[in-house]
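Visitor: The following file, work18.csv, comprises CSV, C-alpha atoms:
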```
chain,number,residue,atom,x,y,z
R,1,MET,CA,23.8,-45.6,-44.7
R,2,LYS,CA,27.3,-46.5,-43.7
R,3,ARG,CA,28.3,-42.9,-44.4
R,4,LEU,CA,25.7,-41.6,-42.0
R,5,ILE,CA,26.9,-43.7,-39.0
R,6,SER,CA,30.6,-43.0,-39.6
R,7,LEU,CA,32.7,-42.0,-36.6
R,8,PRO,CA,33.0,-38.3,-37.5
R,9,ASN,CA,29.3,-38.0,-37.8
R,10,ILE,CA,28.7,-39.8,-34.5
R,11,LEU,CA,31.2,-37.5,-32.8
R,12,LEU,CA,29.5,-34.5,-34.4
R,13,LEU,CA,26.1,-35.7,-33.1
R,14,LEU,CA,27.4,-36.3,-29.6
R,15,GLY,CA,29.0,-32.8,-29.6
R,16,SER,CA,25.8,-31.2,-30.7
R,17,LEU,CA,23.8,-33.0,-28.0
R,18,ALA,CA,26.3,-31.9,-25.4
R,19,LEU,CA,26.0,-28.3,-26.5
R,20,ALA,CA,22.2,-28.5,-26.5
R,21,ALA,CA,22.0,-30.1,-23.0
R,22,PRO,CA,20.4,-27.7,-20.4
R,23,THR,CA,22.8,-26.2,-18.0
R,24,PHE,CA,21.6,-25.7,-14.4
R,25,ALA,CA,21.5,-22.0,-13.5
R,26,GLN,CA,22.6,-20.7,-10.2
R,27,GLN,CA,19.4,-20.4,-8.1
R,28,TYR,CA,19.1,-19.3,-4.5
R,29,VAL,CA,16.2,-18.9,-2.1
R,30,VAL,CA,15.9,-16.5,0.9
R,31,ASP,CA,13.6,-16.9,3.8
R,32,VAL,CA,12.2,-13.4,4.3
R,33,HIS,CA,10.1,-12.6,7.4
R,34,GLY,CA,7.0,-10.4,7.0
R,35,ILE,CA,6.6,-10.7,3.2
R,36,VAL,CA,2.9,-11.6,3.3
R,37,CYS,CA,1.2,-9.7,0.5
R,38,GLU,CA,1.7,-9.1,-3.2
R,39,PHE,CA,2.4,-5.4,-2.6
R,40,CYS,CA,5.1,-6.4,-0.1
R,41,SER,CA,6.7,-8.5,-2.8
R,42,TYR,CA,6.7,-5.7,-5.3
R,43,GLY,CA,9.1,-3.5,-3.3
R,44,VAL,CA,11.5,-6.4,-2.5
R,45,ALA,CA,11.6,-7.6,-6.1
R,46,LYS,CA,12.2,-4.1,-7.3
R,47,LYS,CA,15.3,-3.7,-5.1
R,48,VAL,CA,16.7,-7.2,-5.7
R,49,ARG,CA,16.4,-6.8,-9.5
R,50,LYS,CA,18.8,-3.9,-9.4
R,51,LEU,CA,21.7,-6.2,-8.2
R,52,ASP,CA,24.2,-6.7,-11.0
R,53,PHE,CA,24.6,-10.5,-10.5
R,54,ILE,CA,20.9,-11.2,-11.1
R,55,ASP,CA,20.0,-13.2,-14.2
R,56,PRO,CA,16.9,-11.4,-15.6
R,57,SER,CA,16.3,-14.2,-18.1
R,58,GLN,CA,14.9,-16.5,-15.4
R,59,PHE,CA,11.8,-16.3,-13.1
R,60,ASP,CA,10.2,-12.8,-13.3
R,61,LYS,CA,13.2,-10.7,-14.4
R,62,GLY,CA,15.4,-12.8,-12.1
R,63,VAL,CA,13.2,-12.9,-9.0
R,64,LYS,CA,10.2,-14.9,-7.8
R,65,VAL,CA,8.4,-14.3,-4.5
R,66,ASP,CA,6.3,-16.9,-2.8
R,67,ILE,CA,4.2,-15.1,-0.2
R,68,GLU,CA,2.6,-18.3,1.0
R,69,LYS,CA,6.0,-19.5,2.3
R,70,GLN,CA,7.7,-16.1,2.7
R,71,MET,CA,10.4,-17.2,0.3
R,72,VAL,CA,12.2,-15.1,-2.4
R,73,TYR,CA,13.8,-17.0,-5.2
R,74,ILE,CA,16.6,-15.4,-7.2
R,75,ALA,CA,18.6,-16.5,-10.3
R,76,VAL,CA,22.2,-15.5,-10.6
R,77,SER,CA,24.0,-15.1,-13.9
R,78,ASP,CA,26.4,-17.9,-14.8
R,79,ASN,CA,29.4,-15.6,-15.0
R,80,ALA,CA,28.6,-13.8,-11.8
R,81,ALA,CA,29.0,-14.6,-8.1
R,82,LEU,CA,26.2,-14.0,-5.6
R,83,ASP,CA,27.0,-11.3,-3.0
R,84,LYS,CA,25.0,-12.4,0.1
R,85,SER,CA,25.6,-9.1,1.9
R,86,ALA,CA,24.3,-7.0,-1.0
R,87,LEU,CA,21.3,-9.3,-1.4
R,88,PHE,CA,20.3,-9.0,2.2
R,89,LYS,CA,20.8,-5.2,2.1
R,90,ALA,CA,18.5,-5.0,-1.0
R,91,ILE,CA,15.8,-7.0,0.8
R,92,GLU,CA,16.1,-4.9,3.9
R,93,SER,CA,15.8,-1.7,1.8
R,94,GLY,CA,12.7,-3.2,0.3
R,95,GLY,CA,11.2,-3.2,3.8
R,96,TYR,CA,11.5,-6.8,5.0
R,97,LYS,CA,13.8,-9.0,7.0
R,98,PRO,CA,16.0,-11.6,5.3
R,99,VAL,CA,16.8,-14.5,7.6
R,100,THR,CA,18.4,-17.5,5.8
R,101,LEU,CA,19.9,-18.0,2.4
R,102,TRP,CA,20.1,-21.3,0.6
R,103,ARG,CA,21.6,-22.4,-2.7
R,104,ILE,CA,19.4,-24.7,-4.7
R,105,ALA,CA,21.4,-27.7,-5.9
R,106,GLU,CA,20.8,-29.4,-9.2
R,107,SER,CA,19.1,-32.2,-7.4
R,108,GLY,CA,16.6,-29.6,-5.9
R,109,GLU,CA,18.1,-29.9,-2.5
R,110,LYS,CA,18.6,-26.7,-0.5
R,111,VAL,CA,22.1,-26.1,0.9
R,112,GLU,CA,22.4,-23.3,3.4
R,113,VAL,CA,24.8,-20.5,2.5
R,114,GLN,CA,26.7,-19.1,5.5
Q,1,MET,CA,-29.4,23.6,4.8
Q,2,ARG,CA,-29.0,20.2,6.4
Q,3,LEU,CA,-30.8,17.4,4.6
Q,4,PRO,CA,-32.0,14.3,6.4
Q,5,LEU,CA,-30.0,11.1,5.7
Q,6,LYS,CA,-32.9,9.4,3.8
Q,7,GLN,CA,-33.0,12.3,1.4
Q,8,PHE,CA,-29.3,12.2,0.9
Q,9,LYS,CA,-29.5,8.4,0.2
Q,10,LYS,CA,-32.1,9.1,-2.5
Q,11,ARG,CA,-29.6,11.4,-4.2
Q,12,LEU,CA,-27.2,8.5,-4.7
Q,13,PRO,CA,-28.3,6.2,-7.3
Q,14,PHE,CA,-27.7,2.5,-6.6
Q,15,GLY,CA,-25.5,2.1,-9.6
Q,16,PHE,CA,-23.3,5.0,-8.7
Q,17,THR,CA,-22.8,3.6,-5.2
Q,18,PHE,CA,-21.6,0.2,-6.3
Q,19,GLY,CA,-19.7,1.6,-9.3
Q,20,ALA,CA,-17.8,3.8,-6.9
Q,21,LEU,CA,-17.0,0.8,-4.7
Q,22,SER,CA,-15.5,-1.1,-7.6
Q,23,ILE,CA,-12.9,1.6,-8.4
Q,24,SER,CA,-11.2,3.6,-5.6
Q,25,ILE,CA,-8.7,5.0,-2.6
Q,26,ALA,CA,-8.4,6.6,0.9
Q,27,SER,CA,-10.2,7.3,4.2
Q,28,VAL,CA,-12.8,9.9,4.4
Q,29,SER,CA,-11.6,11.1,7.8
Q,30,THR,CA,-8.2,11.8,6.3
Q,31,LEU,CA,-6.6,14.4,8.5
Q,32,ALA,CA,-3.4,13.7,10.3
Q,33,HIS,CA,-3.2,10.0,9.5
Q,34,GLN,CA,-2.2,8.4,6.2
Q,35,PRO,CA,-4.6,5.7,5.0
Q,36,VAL,CA,-3.1,4.5,1.7
Q,37,MET,CA,0.3,6.0,2.1
Q,38,ASP,CA,0.4,4.0,5.4
Q,39,MET,CA,1.0,0.9,3.3
Q,40,ALA,CA,3.2,2.0,0.5
Q,41,PRO,CA,5.8,2.7,-0.7
Q,42,ARG,CA,7.7,0.7,2.0
Q,43,TRP,CA,11.1,0.7,0.4
Q,44,ASN,CA,14.1,3.1,0.5
Q,45,SER,CA,13.8,6.1,-1.8
Q,46,GLY,CA,10.3,5.2,-2.9
Q,47,TYR,CA,7.7,7.8,-3.9
Q,48,GLY,CA,4.1,7.9,-4.9
Q,49,VAL,CA,1.2,10.0,-6.0
Q,50,GLN,CA,-2.5,9.5,-5.6
Q,51,THR,CA,-5.7,11.4,-6.3
Q,52,ARG,CA,-9.0,10.7,-4.7
Q,53,ILE,CA,-12.4,12.2,-4.6
Q,54,GLU,CA,-14.3,12.5,-1.3
Q,55,HIS,CA,-18.0,13.3,-1.7
Q,56,THR,CA,-20.5,14.2,1.1
Q,57,GLU,CA,-23.7,16.1,1.0
Q,58,ALA,CA,-22.0,19.3,2.0
Q,59,LYS,CA,-19.0,19.3,-0.4
Q,60,THR,CA,-16.9,17.4,-2.8
Q,61,THR,CA,-13.2,17.4,-2.1
Q,62,THR,CA,-10.5,16.3,-4.6
Q,63,TRP,CA,-7.2,15.5,-3.0
Q,64,LEU,CA,-3.9,15.4,-4.7
Q,65,GLU,CA,-1.4,13.6,-2.5
Q,66,GLY,CA,2.3,12.7,-2.6
Q,67,VAL,CA,4.6,10.6,-0.5
Q,68,TYR,CA,8.4,10.1,-0.4
Q,69,THR,CA,9.9,7.3,1.6
Q,70,PHE,CA,13.4,8.0,2.7
Q,71,LYS,CA,13.5,4.6,4.4
Q,72,PRO,CA,10.6,2.4,5.7
Q,73,SER,CA,10.8,4.2,9.1
Q,74,VAL,CA,10.8,7.7,7.7
Q,75,ARG,CA,8.4,9.3,5.2
Q,76,VAL,CA,7.1,12.6,4.3
Q,77,THR,CA,3.6,13.2,2.8
Q,78,LEU,CA,1.9,16.2,1.3
Q,79,LYS,CA,-1.9,16.5,0.7
Q,80,LEU,CA,-3.5,19.3,-1.2
Q,81,PRO,CA,-7.4,19.5,-1.3
Q,82,TYR,CA,-9.5,21.2,-3.9
Q,83,ILE,CA,-13.0,22.0,-2.5
Q,84,ASP,CA,-16.2,22.3,-4.4
Q,85,SER,CA,-19.3,23.3,-2.3
Q,86,ASP,CA,-22.5,25.2,-2.7
Q,87,ASN,CA,-22.5,26.1,0.9
Q,88,THR,CA,-20.5,29.3,0.6
Q,89,ASP,CA,-21.3,30.3,4.2
Q,90,ARG,CA,-19.3,27.4,5.5
Q,91,TYR,CA,-16.9,26.4,2.8
Q,92,ALA,CA,-14.8,28.3,0.3
Q,93,SER,CA,-14.7,26.6,-3.0
Q,94,GLY,CA,-11.2,26.4,-4.4
Q,95,THR,CA,-7.8,25.3,-3.2
Q,96,GLY,CA,-7.8,24.3,0.5
Q,97,ASN,CA,-5.2,24.1,3.1
Q,98,ALA,CA,-2.4,21.6,2.5
Q,99,ILE,CA,-1.3,19.1,5.1
Q,100,LEU,CA,2.4,18.2,5.5
Q,101,ALA,CA,3.1,15.2,7.6
Q,102,VAL,CA,6.1,13.0,8.6
Q,103,PRO,CA,5.0,9.4,9.4
Q,104,LEU,CA,7.7,7.7,11.5
Q,105,LYS,CA,7.3,4.0,11.9
Q,106,ARG,CA,8.8,1.1,13.7
Q,107,TYR,CA,8.3,-2.2,11.8
Q,108,HIS,CA,8.4,-5.7,13.2
Q,109,ASN,CA,8.6,-8.7,10.8
Q,110,ASN,CA,8.2,-12.2,12.1
Q,111,GLY,CA,7.4,-15.2,9.9
Q,112,ALA,CA,4.1,-14.7,8.1
Q,113,PHE,CA,3.3,-11.5,10.0
Q,114,THR,CA,4.3,-7.9,9.7
Q,115,SER,CA,3.3,-5.0,12.0
Q,116,ASN,CA,4.2,-1.4,12.7
Q,117,TRP,CA,3.8,1.3,15.3
Q,118,GLY,CA,3.6,4.8,13.9
Q,119,ILE,CA,3.7,8.4,15.1
Q,120,THR,CA,2.9,11.1,12.6
Q,121,PRO,CA,3.3,14.8,13.4
Q,122,SER,CA,1.6,17.0,10.9
Q,123,VAL,CA,1.0,20.7,10.1
Q,124,ARG,CA,-1.9,22.2,8.1
Q,125,MET,CA,-0.7,25.2,6.2
Q,126,PRO,CA,-2.9,28.2,5.2
Q,127,THR,CA,-2.6,27.6,1.4
Q,128,GLY,CA,-6.3,28.0,0.8
Q,129,SER,CA,-7.7,30.4,-1.8
Q,130,SER,CA,-8.2,34.0,-0.8
Q,131,ASN,CA,-11.9,33.4,0.3
Q,132,SER,CA,-10.9,30.5,2.5
Q,133,LYS,CA,-12.7,30.4,5.9
Q,134,ASP,CA,-9.6,29.1,7.7
Q,135,ASN,CA,-6.3,30.7,7.2
Q,136,ASP,CA,-4.5,29.6,10.3
Q,137,TRP,CA,-1.6,27.2,10.8
Q,138,ASP,CA,-2.7,24.1,12.6
Q,139,THR,CA,-0.8,21.2,14.0
Q,140,GLY,CA,-1.7,17.5,14.4
Q,141,LEU,CA,-0.5,14.2,15.7
Q,142,SER,CA,-1.4,10.6,14.9
Q,143,LEU,CA,-0.5,7.4,16.8
Q,144,SER,CA,-1.2,4.2,14.9
Q,145,TYR,CA,-0.7,0.5,14.9
Q,146,SER,CA,-1.3,-1.8,11.9
Q,147,SER,CA,-0.6,-5.4,11.1
Q,148,GLU,CA,-0.9,-7.8,8.3
Q,149,SER,CA,-0.8,-11.5,7.9
Q,150,ARG,CA,-1.5,-13.5,4.8
Q,151,SER,CA,-5.3,-13.2,5.4
Q,152,VAL,CA,-6.0,-10.4,7.9
Q,153,TYR,CA,-5.2,-6.7,7.9
Q,154,GLN,CA,-5.9,-4.3,10.8
Q,155,LEU,CA,-5.3,-0.6,11.5
Q,156,TYR,CA,-5.9,1.5,14.6
Q,157,ASP,CA,-5.2,5.2,14.3
Q,158,PHE,CA,-5.8,7.9,17.0
Q,159,TYR,CA,-5.4,11.4,15.7
Q,160,THR,CA,-5.8,15.0,16.5
Q,161,LEU,CA,-5.6,18.0,14.3
Q,162,ASP,CA,-6.6,21.5,15.4
Q,163,ASP,CA,-9.8,21.1,17.4
Q,164,LYS,CA,-10.5,17.6,16.1
Q,165,ILE,CA,-9.8,14.3,17.8
Q,166,GLY,CA,-10.7,10.9,16.5
Q,167,ILE,CA,-10.0,7.3,15.9
Q,168,ASP,CA,-10.0,5.3,12.7
Q,169,ILE,CA,-10.2,1.5,12.7
Q,170,ASN,CA,-9.9,-0.8,9.7
Q,171,TYR,CA,-10.2,-4.5,10.0
Q,172,GLY,CA,-10.7,-7.1,7.3
Q,173,PHE,CA,-9.4,-9.8,5.1
Q,174,VAL,CA,-6.7,-10.0,2.4
Q,175,PHE,CA,-6.9,-12.2,-0.7
Q,176,ALA,CA,-3.8,-12.6,-2.9
Q,177,ASP,CA,-4.0,-14.2,-6.4
Q,178,GLY,CA,-0.3,-15.3,-6.3
Q,179,LYS,CA,0.2,-13.4,-9.6
Q,180,GLY,CA,1.0,-9.9,-8.2
Q,181,SER,CA,-2.3,-8.6,-7.1
Q,182,SER,CA,-4.2,-8.5,-3.8
Q,183,TRP,CA,-7.7,-7.5,-2.6
Q,184,PHE,CA,-8.3,-6.1,0.8
Q,185,THR,CA,-11.9,-6.2,1.9
Q,186,LEU,CA,-12.1,-4.2,5.1
Q,187,TRP,CA,-14.7,-2.6,7.5
Q,188,ASP,CA,-14.0,0.9,8.6
Q,189,ILE,CA,-15.2,2.7,11.8
Q,190,SER,CA,-14.3,6.4,12.1
Q,191,ALA,CA,-15.3,8.5,15.1
Q,192,GLN,CA,-14.5,12.1,15.5
Q,193,GLU,CA,-15.2,14.9,17.9
Q,194,SER,CA,-14.6,18.6,17.3
Q,195,ASN,CA,-16.0,22.0,18.2
Q,196,ASP,CA,-18.6,21.3,15.5
Q,197,GLY,CA,-19.9,18.2,17.3
Q,198,GLU,CA,-19.3,14.5,17.0
Q,199,ARG,CA,-19.9,11.8,14.4
Q,200,ILE,CA,-19.4,8.1,13.8
Q,201,LEU,CA,-19.1,6.8,10.3
Q,202,THR,CA,-18.8,3.2,9.4
Q,203,GLY,CA,-18.8,1.2,6.2
Q,204,PRO,CA,-17.0,-1.1,3.8
Q,205,VAL,CA,-13.6,-0.4,2.2
Q,206,LEU,CA,-12.2,-2.2,-0.9
Q,207,VAL,CA,-8.5,-1.9,-1.8
Q,208,TYR,CA,-6.9,-3.4,-4.8
Q,209,PHE,CA,-3.1,-3.7,-5.4
Q,210,LYS,CA,-1.6,-4.6,-8.7
Q,211,SER,CA,2.1,-4.0,-9.4
Q,212,ASN,CA,2.7,-0.3,-8.5
Q,213,THR,CA,-1.0,0.6,-8.6
Q,214,ILE,CA,-3.4,1.0,-5.7
Q,215,VAL,CA,-7.1,1.5,-6.0
Q,216,ARG,CA,-9.3,2.2,-3.0
Q,217,ALA,CA,-13.1,2.7,-2.5
Q,218,GLU,CA,-15.0,3.5,0.6
Q,219,TYR,CA,-18.7,4.0,1.5
Q,220,LYS,CA,-19.4,5.4,5.0
Q,221,PHE,CA,-22.8,5.4,6.6
Q,222,ALA,CA,-23.4,8.1,9.2
Q,223,ALA,CA,-24.2,6.0,12.3
Q,224,LEU,CA,-24.1,9.1,14.5
Q,225,ASP,CA,-24.2,12.6,13.0
Q,226,ASN,CA,-24.3,15.4,15.6
Q,227,ASP,CA,-21.7,17.3,13.7
Q,228,ASP,CA,-22.8,20.8,12.5
Q,229,VAL,CA,-20.6,20.6,9.5
Q,230,TRP,CA,-20.6,17.0,8.4
Q,231,LYS,CA,-23.5,15.9,6.2
Q,232,GLY,CA,-24.6,12.3,6.2
Q,233,ASP,CA,-23.0,9.5,4.3
Q,234,SER,CA,-19.9,9.7,2.2
Q,235,ILE,CA,-18.1,8.1,-0.7
Q,236,SER,CA,-14.4,8.2,-1.4
Q,237,ILE,CA,-12.8,6.8,-4.5
Q,238,GLY,CA,-9.2,7.1,-5.8
Q,239,ILE,CA,-6.2,5.7,-7.4
Q,240,GLY,CA,-2.5,5.9,-6.6
Q,241,PHE,CA,0.9,4.9,-8.1
Q,242,VAL,CA,4.2,4.2,-6.4
Q,243,TYR,CA,7.7,3.9,-7.7
```
As structure tokens - that is how I would like this structure written.
Guide:
Amino acid sequence: MKRLISLPNILLLLGSLALAAPTFAQQYVVDVHGIVCEFCSYGVAKKVRKLDFIDPSQFDKGVKVDIEKQMVYIAVSDNAALDKSALFKAIESGGYKPVTLWRIAESGEKVEVQ
Amino acid sequence: MRLPLKQFKKRLPFGFTFGALSISIASVSTLAHQPVMDMAPRWNSGYGVQTRIEHTEAKTTTWLEGVYTFKPSVRVTLKLPYIDSDNTDRYASGTGNAILAVPLKRYHNNGAFTSNWGITPSVRMPTGSSNSKDNDWDTGLSLSYSSESRSVYQLYDFYTLDDKIGIDINYGFVFADGKGSSWFTLWDISAQESNDGERILTGPVLVYFKSNTIVRAEYKFAALDNDDVWKGDSISIGIGFVY
């Protein structure tokens, strides 16, 4: 038993737990005017998914659209930086009007991105 | 020979009518305006194809239609009909005249509301088969307004093509499932006047969207039928895909 709770084993266990702990992905949300139907969301999601900083492993291939609140959620890859200008252009080319961009903090709080 | 409306209705079995309503696409009075392509694709460099069958007592027309959206405000559409009719005095069976149109739109997006004003010049080309009854070039113009909120859709379209002038109104409700599909349950009123007379058709429209697929069905009752060519009620069903 003493062997099991030796210092090296404890360190190994802690290290394993640290590696397994979930990391919070970069998530953003955009207020998009006019996006009121499922078909509206199809075009916007199609354009946003083509951006190279999108993380396709989250949401629905990196994008989630809430037509009830006219919000578009996006996930950004850990090793990439969000390009606000490119994101807004993609939404506009999808036929709708992006208004405000927020970053979603780990706490769930929304912080506006200028 | 012109059959009375009651006789025409007897020819349409109940099951067929409702079966058609459950799978379909596009307005019967499709001339210069763009019923389904009015909605999609609304994104840059988008394109789509659709086919639909329009059945009246006088003829059955199968349309093959395509759209390319350069940007939401500028599209080009092409519609090619294939006509099947026993009335060879009036209609030539075979390929009909294609309609090329350029819908130009100005969109407004505000909160949970989107709307657009549109102007659509069009030209009907004499692409019909050699026995076609109309081998002229014709021009048309459509002025439209449509809007959509989370629950209500409406479309008003004034159009003219050759000797025809008309209005098409769609109004109804939208239901989204939050998982990528929507139902539109609309009521349509179409009125048209031409050298052949005038008619008013009205009836339900059902539209279903799922991902890149659009299905639309219409049944129109002939509320007024003083048109020498038009024959009673009509059914239109179809399916389209956009990319």
Visitor: Check which residues of chain R sit at most 12 Å from chain Q using all atoms listed in the file, and return one row each with the closest pair of atoms and their distance in Å to one decimal, ordered by chain and rising number, as CSV.
Guide:
```
residue,atom,partner,partner_atom,distance
R:Asp31,CA,Q:Gly111,CA,8.9
R:Val32,CA,Q:Gly111,CA,7.6
R:His33,CA,Q:Gly111,CA,4.5
R:Gly34,CA,Q:Asn109,CA,4.5
R:Ile35,CA,Q:Ala112,CA,6.8
R:Val36,CA,Q:Arg150,CA,5.0
R:Cys37,CA,Q:Arg150,CA,6.3
R:Glu38,CA,Q:Gly180,CA,5.1
R:Phe39,CA,Q:Phe209,CA,6.4
R:Cys40,CA,Q:Arg42,CA,7.8
R:Ser41,CA,Q:Gly180,CA,8.0
R:Tyr42,CA,Q:Ser211,CA,6.4
R:Gly43,CA,Q:Trp43,CA,5.9
R:Val44,CA,Q:Trp43,CA,7.7
R:Ala45,CA,Q:Trp43,CA,10.6
R:Lys46,CA,Q:Trp43,CA,9.1
R:Lys47,CA,Q:Trp43,CA,8.2
R:Val48,CA,Q:Trp43,CA,11.4
R:Asp60,CA,Q:Lys179,CA,10.7
R:Lys64,CA,Q:Lys179,CA,10.3
R:Val65,CA,Q:Gly178,CA,8.9
R:Asp66,CA,Q:Gly178,CA,7.6
R:Ile67,CA,Q:Gly178,CA,7.6
R:Glu68,CA,Q:Arg150,CA,7.4
R:Lys69,CA,Q:Ala112,CA,7.8
R:Gln70,CA,Q:Ala112,CA,6.6
R:Met71,CA,Q:Gly111,CA,10.3
R:Lys89,CA,Q:Asn44,CA,10.8
R:Ala90,CA,Q:Asn44,CA,9.3
R:Ile91,CA,Q:Trp43,CA,9.0
R:Glu92,CA,Q:Trp43,CA,8.3
R:Ser93,CA,Q:Asn44,CA,5.3
R:Gly94,CA,Q:Trp43,CA,4.2
R:Gly95,CA,Q:Trp43,CA,5.2
R:Tyr96,CA,Q:Asn109,CA,6.8
R:Lys97,CA,Q:Asn109,CA,6.4
R:Pro98,CA,Q:Asn109,CA,9.7
R:Val99,CA,Q:Gly111,CA,9.7
R:Thr100,CA,Q:Gly111,CA,12.0
```
Visitor: Okay, now the selection with C-alpha atoms, as a short mmCIF file (atom, residue, chain, number, x, y, z; two decimals), keeping the file's coordinate frame?
Guide:
```
data_model
loop_
_atom_site.label_atom_id
_atom_site.label_comp_id
_atom_site.auth_asym_id
_atom_site.auth_seq_id
_atom_site.Cartn_x
_atom_site.Cartn_y
_atom_site.Cartn_z
CA ASP R 31 13.60 -16.90 3.80
CA VAL R 32 12.20 -13.40 4.30
CA HIS R 33 10.10 -12.60 7.40
CA GLY R 34 7.00 -10.40 7.00
CA ILE R 35 6.60 -10.70 3.20
CA VAL R 36 2.90 -11.60 3.30
CA CYS R 37 1.20 -9.70 0.50
CA GLU R 38 1.70 -9.10 -3.20
CA PHE R 39 2.40 -5.40 -2.60
CA CYS R 40 5.10 -6.40 -0.10
CA SER R 41 6.70 -8.50 -2.80
CA TYR R 42 6.70 -5.70 -5.30
CA GLY R 43 9.10 -3.50 -3.30
CA VAL R 44 11.50 -6.40 -2.50
CA ALA R 45 11.60 -7.60 -6.10
CA LYS R 46 12.20 -4.10 -7.30
CA LYS R 47 15.30 -3.70 -5.10
CA VAL R 48 16.70 -7.20 -5.70
CA ASP R 60 10.20 -12.80 -13.30
CA LYS R 64 10.20 -14.90 -7.80
CA VAL R 65 8.40 -14.30 -4.50
CA ASP R 66 6.30 -16.90 -2.80
CA ILE R 67 4.20 -15.10 -0.20
CA GLU R 68 2.60 -18.30 1.00
CA LYS R 69 6.00 -19.50 2.30
CA GLN R 70 7.70 -16.10 2.70
CA MET R 71 10.40 -17.20 0.30
CA LYS R 89 20.80 -5.20 2.10
CA ALA R 90 18.50 -5.00 -1.00
CA ILE R 91 15.80 -7.00 0.80
CA GLU R 92 16.10 -4.90 3.90
CA SER R 93 15.80 -1.70 1.80
CA GLY R 94 12.70 -3.20 0.30
CA GLY R 95 11.20 -3.20 3.80
CA TYR R 96 11.50 -6.80 5.00
CA LYS R 97 13.80 -9.00 7.00
CA PRO R 98 16.00 -11.60 5.30
CA VAL R 99 16.80 -14.50 7.60
CA THR R 100 18.40 -17.50 5.80
#
```
Visitor: Could you tell me how far atom CA of R:Glu109 lies from atom CA of R:Ala25, in Å and to one decimal?
Guide: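 Here the two named atoms are 14.0 Å from each other.
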Visitor: Work out how far atom CA of Q:Thr56 is from atom CA of Q:Gly232, in Å to one decimal.
Guide: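 Atom CA of Q:Thr56 lies at a distance of 6.8 Å from atom CA of Q:Gly232.
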Visitor: Could you list, as a PyMOL selection string, every residue within 10 Å of stretch 74-87 of chain R, counting only C-alpha atoms and ignoring same-chain residues fewer than 5 positions away?
Guide: chain R and resi 23-30+45+47-65+92-93+98+101+103-104+113-114
Visitor: Export C-alpha atoms of the chosen residues as a PDB file, keeping the file's coordinate frame?
Guide:
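Result file is selection.pdb:
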```pdb
ATOM      1  CA  THR R  23      22.800 -26.200 -18.000  1.00  0.00           C
ATOM      2  CA  PHE R  24      21.600 -25.700 -14.400  1.00  0.00           C
ATOM      3  CA  ALA R  25      21.500 -22.000 -13.500  1.00  0.00           C
ATOM      4  CA  GLN R  26      22.600 -20.700 -10.200  1.00  0.00           C
ATOM      5  CA  GLN R  27      19.400 -20.400  -8.100  1.00  0.00           C
ATOM      6  CA  TYR R  28      19.100 -19.300  -4.500  1.00  0.00           C
ATOM      7  CA  VAL R  29      16.200 -18.900  -2.100  1.00  0.00           C
ATOM      8  CA  VAL R  30      15.900 -16.500   0.900  1.00  0.00           C
ATOM      9  CA  ALA R  45      11.600  -7.600  -6.100  1.00  0.00           C
ATOM     10  CA  LYS R  47      15.300  -3.700  -5.100  1.00  0.00           C
ATOM     11  CA  VAL R  48      16.700  -7.200  -5.700  1.00  0.00           C
ATOM     12  CA  ARG R  49      16.400  -6.800  -9.500  1.00  0.00           C
ATOM     13  CA  LYS R  50      18.800  -3.900  -9.400  1.00  0.00           C
ATOM     14  CA  LEU R  51      21.700  -6.200  -8.200  1.00  0.00           C
ATOM     15  CA  ASP R  52      24.200  -6.700 -11.000  1.00  0.00           C
ATOM     16  CA  PHE R  53      24.600 -10.500 -10.500  1.00  0.00           C
ATOM     17  CA  ILE R  54      20.900 -11.200 -11.100  1.00  0.00           C
ATOM     18  CA  ASP R  55      20.000 -13.200 -14.200  1.00  0.00           C
ATOM     19  CA  PRO R  56      16.900 -11.400 -15.600  1.00  0.00           C
ATOM     20  CA  SER R  57      16.300 -14.200 -18.100  1.00  0.00           C
ATOM     21  CA  GLN R  58      14.900 -16.500 -15.400  1.00  0.00           C
ATOM     22  CA  PHE R  59      11.800 -16.300 -13.100  1.00  0.00           C
ATOM     23  CA  ASP R  60      10.200 -12.800 -13.300  1.00  0.00           C
ATOM     24  CA  LYS R  61      13.200 -10.700 -14.400  1.00  0.00           C
ATOM     25  CA  GLY R  62      15.400 -12.800 -12.100  1.00  0.00           C
ATOM     26  CA  VAL R  63      13.200 -12.900  -9.000  1.00  0.00           C
ATOM     27  CA  LYS R  64      10.200 -14.900  -7.800  1.00  0.00           C
ATOM     28  CA  VAL R  65       8.400 -14.300  -4.500  1.00  0.00           C
ATOM     29  CA  GLU R  92      16.100  -4.900   3.900  1.00  0.00           C
ATOM     30  CA  SER R  93      15.800  -1.700   1.800  1.00  0.00           C
ATOM     31  CA  PRO R  98      16.000 -11.600   5.300  1.00  0.00           C
ATOM     32  CA  LEU R 101      19.900 -18.000   2.400  1.00  0.00           C
ATOM     33  CA  ARG R 103      21.600 -22.400  -2.700  1.00  0.00           C
ATOM     34  CA  ILE R 104      19.400 -24.700  -4.700  1.00  0.00           C
ATOM     35  CA  VAL R 113      24.800 -20.500   2.500  1.00  0.00           C
ATOM     36  CA  GLN R 114      26.700 -19.100   5.500  1.00  0.00           C
TER      37      GLN R 114
END
```
Visitor: What is the atom CA of Q:Arg52-atom CA of Q:Ile200 distance in Å, reported with one decimal?
Guide: 21.4 Å
Visitor: Dump as number ranges by chain all residues having an atom at most 6 Å from (-13.2, 5.7, 13.1), computed in the file's coordinates with all atoms listed in the file.
Guide: Q: 167-169, 189-191
Visitor: Give me, as a VMD selection string, all polymer residues having an atom no more than 8 Å from Q:Asn195, counting only C-alpha atoms and skipping those fewer than 2 positions away in the same chain.
Guide: chain Q and resid 163 to 164 193 197
